[in-house]
Each structure stands twice: as C-alpha cells, then as structure tokens.
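Engineer: Contents of final.csv (CSV, N, CA, C and O atoms):
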chain,number,residue,atom,x,y,z
M,233,MET,N,-2.2,33.1,-0.5
M,233,MET,CA,-2.3,31.7,-0.5
M,233,MET,C,-1.1,31.1,-1.2
M,233,MET,O,-0.6,31.6,-2.1
M,234,ALA,N,-0.8,29.9,-0.7
M,234,ALA,CA,0.3,29.2,-1.3
M,234,ALA,C,-0.2,28.3,-2.5
M,234,ALA,O,-1.3,28.0,-2.6
M,235,SER,N,0.8,28.0,-3.3
M,235,SER,CA,0.5,27.1,-4.4
M,235,SER,C,1.4,25.9,-4.4
M,235,SER,O,2.5,25.9,-3.7
M,236,MET,N,1.0,24.8,-5.1
M,236,MET,CA,1.8,23.6,-5.1
M,236,MET,C,1.7,22.9,-6.4
M,236,MET,O,0.6,22.9,-7.0
M,237,THR,N,2.8,22.3,-6.8
M,237,THR,CA,2.8,21.5,-8.1
M,237,THR,C,3.0,20.0,-7.7
M,237,THR,O,3.9,19.7,-6.9
M,238,ILE,N,2.2,19.2,-8.3
M,238,ILE,CA,2.4,17.7,-8.0
M,238,ILE,C,2.8,17.1,-9.3
M,238,ILE,O,2.1,17.1,-10.3
M,239,ARG,N,4.0,16.5,-9.3
M,239,ARG,CA,4.5,15.8,-10.5
M,239,ARG,C,4.4,14.3,-10.4
M,239,ARG,O,4.1,13.8,-9.3
M,240,ASN,N,4.5,13.7,-11.5
M,240,ASN,CA,4.6,12.2,-11.6
M,240,ASN,C,3.3,11.6,-11.2
M,240,ASN,O,3.3,10.6,-10.5
M,241,ILE,N,2.1,12.1,-11.6
M,241,ILE,CA,0.8,11.6,-11.2
M,241,ILE,C,0.5,10.5,-12.3
M,241,ILE,O,0.7,10.8,-13.5
M,242,ASP,N,0.1,9.4,-11.9
M,242,ASP,CA,-0.3,8.3,-12.8
M,242,ASP,C,-1.4,8.8,-13.7
M,242,ASP,O,-2.3,9.5,-13.3
M,243,ASP,N,-1.3,8.4,-15.0
M,243,ASP,CA,-2.3,8.8,-15.9
M,243,ASP,C,-3.7,8.4,-15.5
M,243,ASP,O,-4.7,9.1,-15.7
M,244,ARG,N,-3.9,7.2,-15.0
M,244,ARG,CA,-5.2,6.7,-14.6
M,244,ARG,C,-5.7,7.5,-13.4
M,244,ARG,O,-6.9,7.8,-13.4
M,245,LEU,N,-4.9,7.9,-12.5
M,245,LEU,CA,-5.3,8.7,-11.4
M,245,LEU,C,-5.8,10.1,-11.8
M,245,LEU,O,-6.8,10.6,-11.4
M,246,LYS,N,-5.0,10.7,-12.8
M,246,LYS,CA,-5.4,12.0,-13.3
M,246,LYS,C,-6.7,11.9,-14.1
M,246,LYS,O,-7.6,12.8,-13.9
M,247,GLN,N,-7.0,10.8,-14.8
M,247,GLN,CA,-8.2,10.6,-15.5
M,247,GLN,C,-9.4,10.5,-14.5
M,247,GLN,O,-10.4,11.1,-14.7
M,248,ARG,N,-9.2,9.8,-13.4
M,248,ARG,CA,-10.2,9.6,-12.4
M,248,ARG,C,-10.5,11.0,-11.7
M,248,ARG,O,-11.7,11.3,-11.4
M,249,LEU,N,-9.5,11.8,-11.5
M,249,LEU,CA,-9.7,13.1,-10.9
M,249,LEU,C,-10.5,14.0,-11.9
M,249,LEU,O,-11.4,14.7,-11.5
M,250,ARG,N,-10.1,13.9,-13.2
M,250,ARG,CA,-10.8,14.7,-14.2
M,250,ARG,C,-12.3,14.3,-14.2
M,250,ARG,O,-13.2,15.2,-14.3
M,251,ILE,N,-12.6,13.0,-14.2
M,251,ILE,CA,-14.0,12.6,-14.2
M,251,ILE,C,-14.8,13.0,-12.9
M,251,ILE,O,-15.9,13.5,-13.0
M,252,ARG,N,-14.1,12.9,-11.8
M,252,ARG,CA,-14.7,13.3,-10.5
M,252,ARG,C,-15.0,14.8,-10.5
M,252,ARG,O,-16.1,15.2,-10.1
M,253,ALA,N,-14.1,15.6,-11.0
M,253,ALA,CA,-14.2,17.0,-11.1
M,253,ALA,C,-15.4,17.4,-12.0
M,253,ALA,O,-16.3,18.2,-11.7
M,254,ALA,N,-15.5,16.7,-13.2
M,254,ALA,CA,-16.6,17.0,-14.1
M,254,ALA,C,-17.9,16.6,-13.5
M,254,ALA,O,-18.9,17.3,-13.6
M,255,THR,N,-17.9,15.5,-12.7
M,255,THR,CA,-19.2,15.1,-12.1
M,255,THR,C,-19.7,16.1,-11.1
M,255,THR,O,-20.9,16.3,-10.9
M,256,HIS,N,-18.7,16.8,-10.4
M,256,HIS,CA,-19.1,17.8,-9.4
M,256,HIS,C,-19.2,19.2,-10.0
M,256,HIS,O,-19.4,20.2,-9.3
M,257,GLY,N,-18.9,19.3,-11.3
M,257,GLY,CA,-19.0,20.6,-12.0
M,257,GLY,C,-18.0,21.6,-11.7
M,257,GLY,O,-18.3,22.8,-11.5
M,258,ARG,N,-16.8,21.1,-11.5
M,258,ARG,CA,-15.7,22.1,-11.1
M,258,ARG,C,-14.4,21.6,-11.8
M,258,ARG,O,-14.3,20.6,-12.4
M,259,SER,N,-13.4,22.5,-11.6
M,259,SER,CA,-12.1,22.2,-12.2
M,259,SER,C,-11.3,21.1,-11.5
M,259,SER,O,-11.7,20.8,-10.3
M,260,MET,N,-10.3,20.5,-12.1
M,260,MET,CA,-9.5,19.5,-11.5
M,260,MET,C,-8.8,20.1,-10.3
M,260,MET,O,-8.7,19.4,-9.2
M,261,GLU,N,-8.4,21.3,-10.4
M,261,GLU,CA,-7.7,22.0,-9.3
M,261,GLU,C,-8.6,22.1,-8.1
M,261,GLU,O,-8.2,21.9,-6.9
M,262,ASP,N,-9.9,22.6,-8.3
M,262,ASP,CA,-10.8,22.7,-7.2
M,262,ASP,C,-11.1,21.4,-6.6
M,262,ASP,O,-11.3,21.3,-5.4
M,263,GLU,N,-11.3,20.4,-7.4
M,263,GLU,CA,-11.6,19.0,-6.9
M,263,GLU,C,-10.4,18.5,-6.1
M,263,GLU,O,-10.6,18.0,-5.0
M,264,ALA,N,-9.2,18.7,-6.5
M,264,ALA,CA,-8.0,18.2,-5.8
M,264,ALA,C,-7.9,19.0,-4.4
M,264,ALA,O,-7.6,18.4,-3.4
M,265,ARG,N,-8.2,20.3,-4.5
M,265,ARG,CA,-8.2,21.1,-3.3
M,265,ARG,C,-9.2,20.6,-2.2
M,265,ARG,O,-8.9,20.4,-1.1
M,266,ASP,N,-10.4,20.2,-2.7
M,266,ASP,CA,-11.5,19.7,-1.9
M,266,ASP,C,-11.1,18.4,-1.3
M,266,ASP,O,-11.4,18.1,-0.1
M,267,ILE,N,-10.5,17.5,-2.1
M,267,ILE,CA,-10.1,16.2,-1.6
M,267,ILE,C,-9.1,16.3,-0.5
M,267,ILE,O,-9.1,15.7,0.5
M,268,LEU,N,-8.1,17.2,-0.7
M,268,LEU,CA,-7.1,17.4,0.3
M,268,LEU,C,-7.7,18.0,1.6
M,268,LEU,O,-7.4,17.5,2.7
M,269,LYS,N,-8.6,18.9,1.4
M,269,LYS,CA,-9.3,19.5,2.6
M,269,LYS,C,-10.0,18.5,3.4
M,269,LYS,O,-10.0,18.4,4.6
M,270,MET,N,-10.8,17.6,2.7
M,270,MET,CA,-11.6,16.6,3.4
M,270,MET,C,-10.7,15.6,4.1
M,270,MET,O,-10.9,15.1,5.2
M,271,ALA,N,-9.6,15.2,3.4
M,271,ALA,CA,-8.7,14.2,3.9
M,271,ALA,C,-8.0,14.7,5.2
M,271,ALA,O,-7.8,13.9,6.2
M,272,LEU,N,-7.6,15.9,5.2
M,272,LEU,CA,-6.9,16.5,6.3
M,272,LEU,C,-7.8,17.0,7.4
M,272,LEU,O,-7.3,17.2,8.5
M,273,ALA,N,-9.1,17.1,7.2
M,273,ALA,CA,-10.0,17.5,8.2
M,273,ALA,C,-10.4,16.4,9.1
M,273,ALA,O,-10.9,16.6,10.2
M,274,GLN,N,-10.2,15.2,8.7
M,274,GLN,CA,-10.5,14.0,9.5
M,274,GLN,C,-9.7,14.0,10.8
M,274,GLN,O,-8.5,14.4,10.8
M,275,GLN,N,-10.3,13.5,11.8
M,275,GLN,CA,-9.6,13.4,13.1
M,275,GLN,C,-8.5,12.4,13.0
M,275,GLN,O,-8.6,11.3,12.6
M,276,GLU,N,-7.3,12.9,13.4
M,276,GLU,CA,-6.1,12.0,13.4
M,276,GLU,C,-6.1,11.2,14.7
M,276,GLU,O,-6.4,11.7,15.7
M,277,THR,N,-5.8,9.9,14.6
M,277,THR,CA,-5.8,9.1,15.8
M,277,THR,C,-4.5,9.3,16.4
M,277,THR,O,-3.4,9.4,15.8
M,278,SER,N,-4.5,9.3,17.7
M,278,SER,CA,-3.3,9.5,18.5
M,278,SER,C,-2.5,8.2,18.5
M,278,SER,O,-3.1,7.1,18.5
M,279,ALA,N,-1.2,8.3,18.6
M,279,ALA,CA,-0.4,7.1,18.6
M,279,ALA,C,-0.5,6.5,20.0
M,279,ALA,O,-0.1,7.1,21.0
M,280,GLU,N,-1.0,5.3,20.1
M,280,GLU,CA,-1.2,4.6,21.3
M,280,GLU,C,-0.4,3.3,21.3
M,280,GLU,O,0.2,2.9,20.3
M,281,ASN,N,-0.5,2.6,22.3
M,281,ASN,CA,0.1,1.3,22.4
M,281,ASN,C,-0.7,0.4,21.5
M,281,ASN,O,-1.9,0.3,21.5
M,282,LEU,N,0.0,-0.3,20.6
M,282,LEU,CA,-0.7,-1.1,19.6
M,282,LEU,C,-1.5,-2.2,20.2
M,282,LEU,O,-2.7,-2.5,19.8
M,283,ALA,N,-1.0,-2.9,21.2
M,283,ALA,CA,-1.8,-3.9,21.9
M,283,ALA,C,-3.0,-3.4,22.5
M,283,ALA,O,-4.1,-4.0,22.5
M,284,ALA,N,-3.0,-2.2,23.1
M,284,ALA,CA,-4.1,-1.6,23.8
M,284,ALA,C,-5.2,-1.2,22.7
M,284,ALA,O,-6.4,-1.4,22.9
M,285,THR,N,-4.7,-0.8,21.5
M,285,THR,CA,-5.6,-0.4,20.5
M,285,THR,C,-6.4,-1.7,19.9
M,285,THR,O,-7.6,-1.6,19.7
M,286,ILE,N,-5.6,-2.7,19.7
M,286,ILE,CA,-6.2,-4.0,19.3
M,286,ILE,C,-7.2,-4.5,20.3
M,286,ILE,O,-8.3,-4.9,20.0
M,287,ARG,N,-6.8,-4.5,21.6
M,287,ARG,CA,-7.7,-5.0,22.6
M,287,ARG,C,-9.0,-4.2,22.7
M,287,ARG,O,-10.1,-4.7,22.8
M,288,ALA,N,-8.9,-2.8,22.5
M,288,ALA,CA,-10.1,-2.0,22.6
M,288,ALA,C,-11.0,-2.3,21.4
M,288,ALA,O,-12.2,-2.3,21.6
M,289,ARG,N,-10.5,-2.6,20.3
M,289,ARG,CA,-11.3,-2.9,19.1
M,289,ARG,C,-12.0,-4.3,19.3
M,289,ARG,O,-13.1,-4.5,18.8
M,290,LEU,N,-11.3,-5.2,19.8
M,290,LEU,CA,-11.8,-6.6,19.9
M,290,LEU,C,-12.6,-6.9,21.2
M,290,LEU,O,-13.3,-7.9,21.2
M,291,GLN,N,-12.5,-6.1,22.2
M,291,GLN,CA,-13.1,-6.3,23.5
M,291,GLN,C,-14.6,-6.5,23.4
M,291,GLN,O,-15.2,-7.4,24.0
M,292,PRO,N,-15.3,-5.6,22.6
M,292,PRO,CA,-16.8,-5.8,22.5
M,292,PRO,C,-17.2,-7.2,21.9
M,292,PRO,O,-18.3,-7.6,22.0
M,293,LEU,N,-16.3,-7.8,21.1
M,293,LEU,CA,-16.6,-9.1,20.5
M,293,LEU,C,-16.5,-10.3,21.4
M,293,LEU,O,-16.9,-11.4,21.1
M,294,GLY,N,-15.9,-10.0,22.6
M,294,GLY,CA,-15.7,-11.1,23.6
M,294,GLY,C,-14.3,-11.6,23.5
M,294,GLY,O,-13.5,-11.3,22.7
M,295,GLY,N,-13.9,-12.4,24.5
M,295,GLY,CA,-12.6,-12.9,24.6
M,295,GLY,C,-12.4,-14.2,24.0
M,295,GLY,O,-13.3,-14.9,23.7
M,296,VAL,N,-11.2,-14.6,24.0
M,296,VAL,CA,-10.8,-16.0,23.5
M,296,VAL,C,-9.9,-16.6,24.5
M,296,VAL,O,-8.9,-16.0,24.9
M,297,GLU,N,-10.2,-17.7,25.0
M,297,GLU,CA,-9.3,-18.4,25.9
M,297,GLU,C,-8.4,-19.4,25.2
M,297,GLU,O,-8.9,-20.3,24.5
M,298,LEU,N,-7.2,-19.2,25.2
M,298,LEU,CA,-6.2,-20.1,24.5
M,298,LEU,C,-5.6,-21.0,25.5
M,298,LEU,O,-5.2,-20.6,26.6
M,299,GLU,N,-5.5,-22.3,25.2
M,299,GLU,CA,-4.8,-23.2,26.1
M,299,GLU,C,-3.3,-23.1,25.8
M,299,GLU,O,-2.8,-23.2,24.7
M,300,LEU,N,-2.6,-22.8,26.9
M,300,LEU,CA,-1.1,-22.7,26.8
M,300,LEU,C,-0.5,-24.1,26.9
M,300,LEU,O,-0.8,-24.8,27.8
M,301,PRO,N,0.5,-24.4,26.0
M,301,PRO,CA,1.1,-25.7,26.1
M,301,PRO,C,2.0,-25.7,27.3
M,301,PRO,O,2.5,-24.7,27.8
M,302,THR,N,2.2,-26.9,27.8
M,302,THR,CA,3.0,-27.1,29.0
M,302,THR,C,4.5,-26.9,28.6
M,302,THR,O,4.9,-27.3,27.5
M,303,ARG,N,5.3,-26.4,29.5
M,303,ARG,CA,6.7,-26.1,29.2
M,303,ARG,C,7.5,-27.4,29.5
M,303,ARG,O,7.3,-28.0,30.5
M,304,GLU,N,8.4,-27.6,28.6
M,304,GLU,CA,9.3,-28.8,28.8
M,304,GLU,C,10.7,-28.3,29.2
M,304,GLU,O,11.0,-27.1,28.9
M,305,PRO,N,11.5,-29.1,29.8
M,305,PRO,CA,12.9,-28.7,30.2
M,305,PRO,C,13.7,-28.4,28.9
M,305,PRO,O,13.4,-29.0,27.9
M,306,ILE,N,14.6,-27.6,29.1
M,306,ILE,CA,15.5,-27.2,27.9
M,306,ILE,C,16.4,-28.4,27.6
M,306,ILE,O,16.9,-29.1,28.4
M,307,ARG,N,16.4,-28.7,26.3
M,307,ARG,CA,17.2,-29.8,25.8
M,307,ARG,C,18.7,-29.4,25.9
M,307,ARG,O,19.1,-28.3,25.8
M,308,GLU,N,19.5,-30.4,26.0
M,308,GLU,CA,21.0,-30.2,26.0
M,308,GLU,C,21.4,-29.8,24.6
M,308,GLU,O,20.9,-30.3,23.6
M,309,ALA,N,22.4,-28.9,24.6
M,309,ALA,CA,23.0,-28.5,23.3
M,309,ALA,C,23.7,-29.6,22.6
M,309,ALA,O,24.3,-30.5,23.2
M,310,LEU,N,23.6,-29.6,21.2
M,310,LEU,CA,24.2,-30.6,20.4
M,310,LEU,C,25.7,-30.4,20.4
M,310,LEU,O,26.2,-29.3,20.4
M,311,ASP,N,26.4,-31.5,20.3
M,311,ASP,CA,27.9,-31.4,20.3
M,311,ASP,C,28.4,-31.6,18.8
M,311,ASP,O,28.2,-32.7,18.2
M,312,PHE,N,28.9,-30.5,18.2
M,312,PHE,CA,29.3,-30.6,16.8
M,312,PHE,C,30.8,-30.8,16.7
M,312,PHE,O,31.4,-30.7,15.6
M,313,SER,N,31.5,-31.0,17.8
M,313,SER,CA,33.0,-31.1,17.8
M,313,SER,C,33.5,-32.4,17.2
M,313,SER,O,34.6,-32.5,16.7
M,314,ALA,N,32.7,-33.5,17.3
M,314,ALA,CA,33.1,-34.8,16.8
M,314,ALA,C,33.0,-34.8,15.3
M,314,ALA,O,32.1,-34.3,14.7
M,315,SER,N,34.1,-35.3,14.6
M,315,SER,CA,34.0,-35.3,13.1
M,315,SER,C,33.6,-36.7,12.6
M,315,SER,O,34.0,-37.7,12.8
Could you rewrite the structure in this file as structure tokens?
Structural biologist:
Amino acid sequence: MASMTIRNIDDRLKQRLRIRAATHGRSMEDEARDILKMALAQQETSAENLAATIRARLQPLGGVELELPTREPIREALDFSAS
C-alpha cells in the first residue's frame, strides 16, 4: 500500500479531524482514510454542456417566458475628430 503526507493543514481543520476520529473511536489516520474513500466513491458527474445541465435541473419547475425587447436601428458612430 502507498502512503501519503499532507502538509500545511489548518489547525482548526486538524482539530475537527481529531474530534471526528475520537467520536468514531479510531485514529486520525483511519478517519482521514475513510473520508477520502467516501469522497472518491461518489459518482462523478460527466462534463456536459452547461446550458443543458441547467435546463435539465430547472425543467421540472416549469418554464419562464421572457419578453424580448424590440430591436432598434444601430446609431451612427460619434465623431471625435472635431476639437
């Protein structure tokens, strides 16, 4: 098995890990190993089109009809050559 060292852990984070490990009756190393295992076991979402993902999440809630403003002709460019 491989081993790993994690440096520069925030003191507060280390304290929380210590308390969590004690709550579960195991060492900090065992607790960290279990946290990593659980986090990496979750199903990773595949990279999809962002618009399609948003649409799929919001579709069950119903749609929204937005009124589009009318388009106006393009204005003429300003003339900055006169001093």
Engineer: Neighbouring residues of Leu249 of chain M were defined as those with any atom within 8 Å, considering only N, CA, C and O atoms; residues of the same chain fewer than 5 positions away were excluded. Please report them as a list in words.
Structural biologist: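 My reading of the contact set: Asp242, Asp243, Arg244, Ala254, Thr255, His256, Arg258, Ser259, Met260, Glu261, Glu263 and Ala264 of chain M.
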Engineer: Please, what distance in Å, to one decimal, runs between atom C of Ala273 of chain M and atom N of Ile286 of chain M?
Structural biologist: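 Atom C of Ala273 of chain M sits 22.4 Å away from atom N of Ile286 of chain M.
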Engineer: Take atom CA of Gln247 of chain M and atom CA of Gln275 of chain M and report the distance between them in Å, one decimal.
Structural biologist: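 Value for the atom CA of Gln247 of chain M-atom CA of Gln275 of chain M distance: 28.8 Å.
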Engineer: Expressed in Å to a single decimal, how great is the separation between atom CA of Leu272 of chain M and atom CA of Ala284 of chain M?
Structural biologist: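 Pair atom CA of Leu272 of chain M / atom CA of Ala284 of chain M returns 25.3 Å.
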Engineer: Please run DSSP on the backbone and report, as a VMD selection string, all residues within chain M that come out as alpha helix (DSSP H).
Structural biologist: chain M and resid 243 to 256 260 to 273 282 to 290
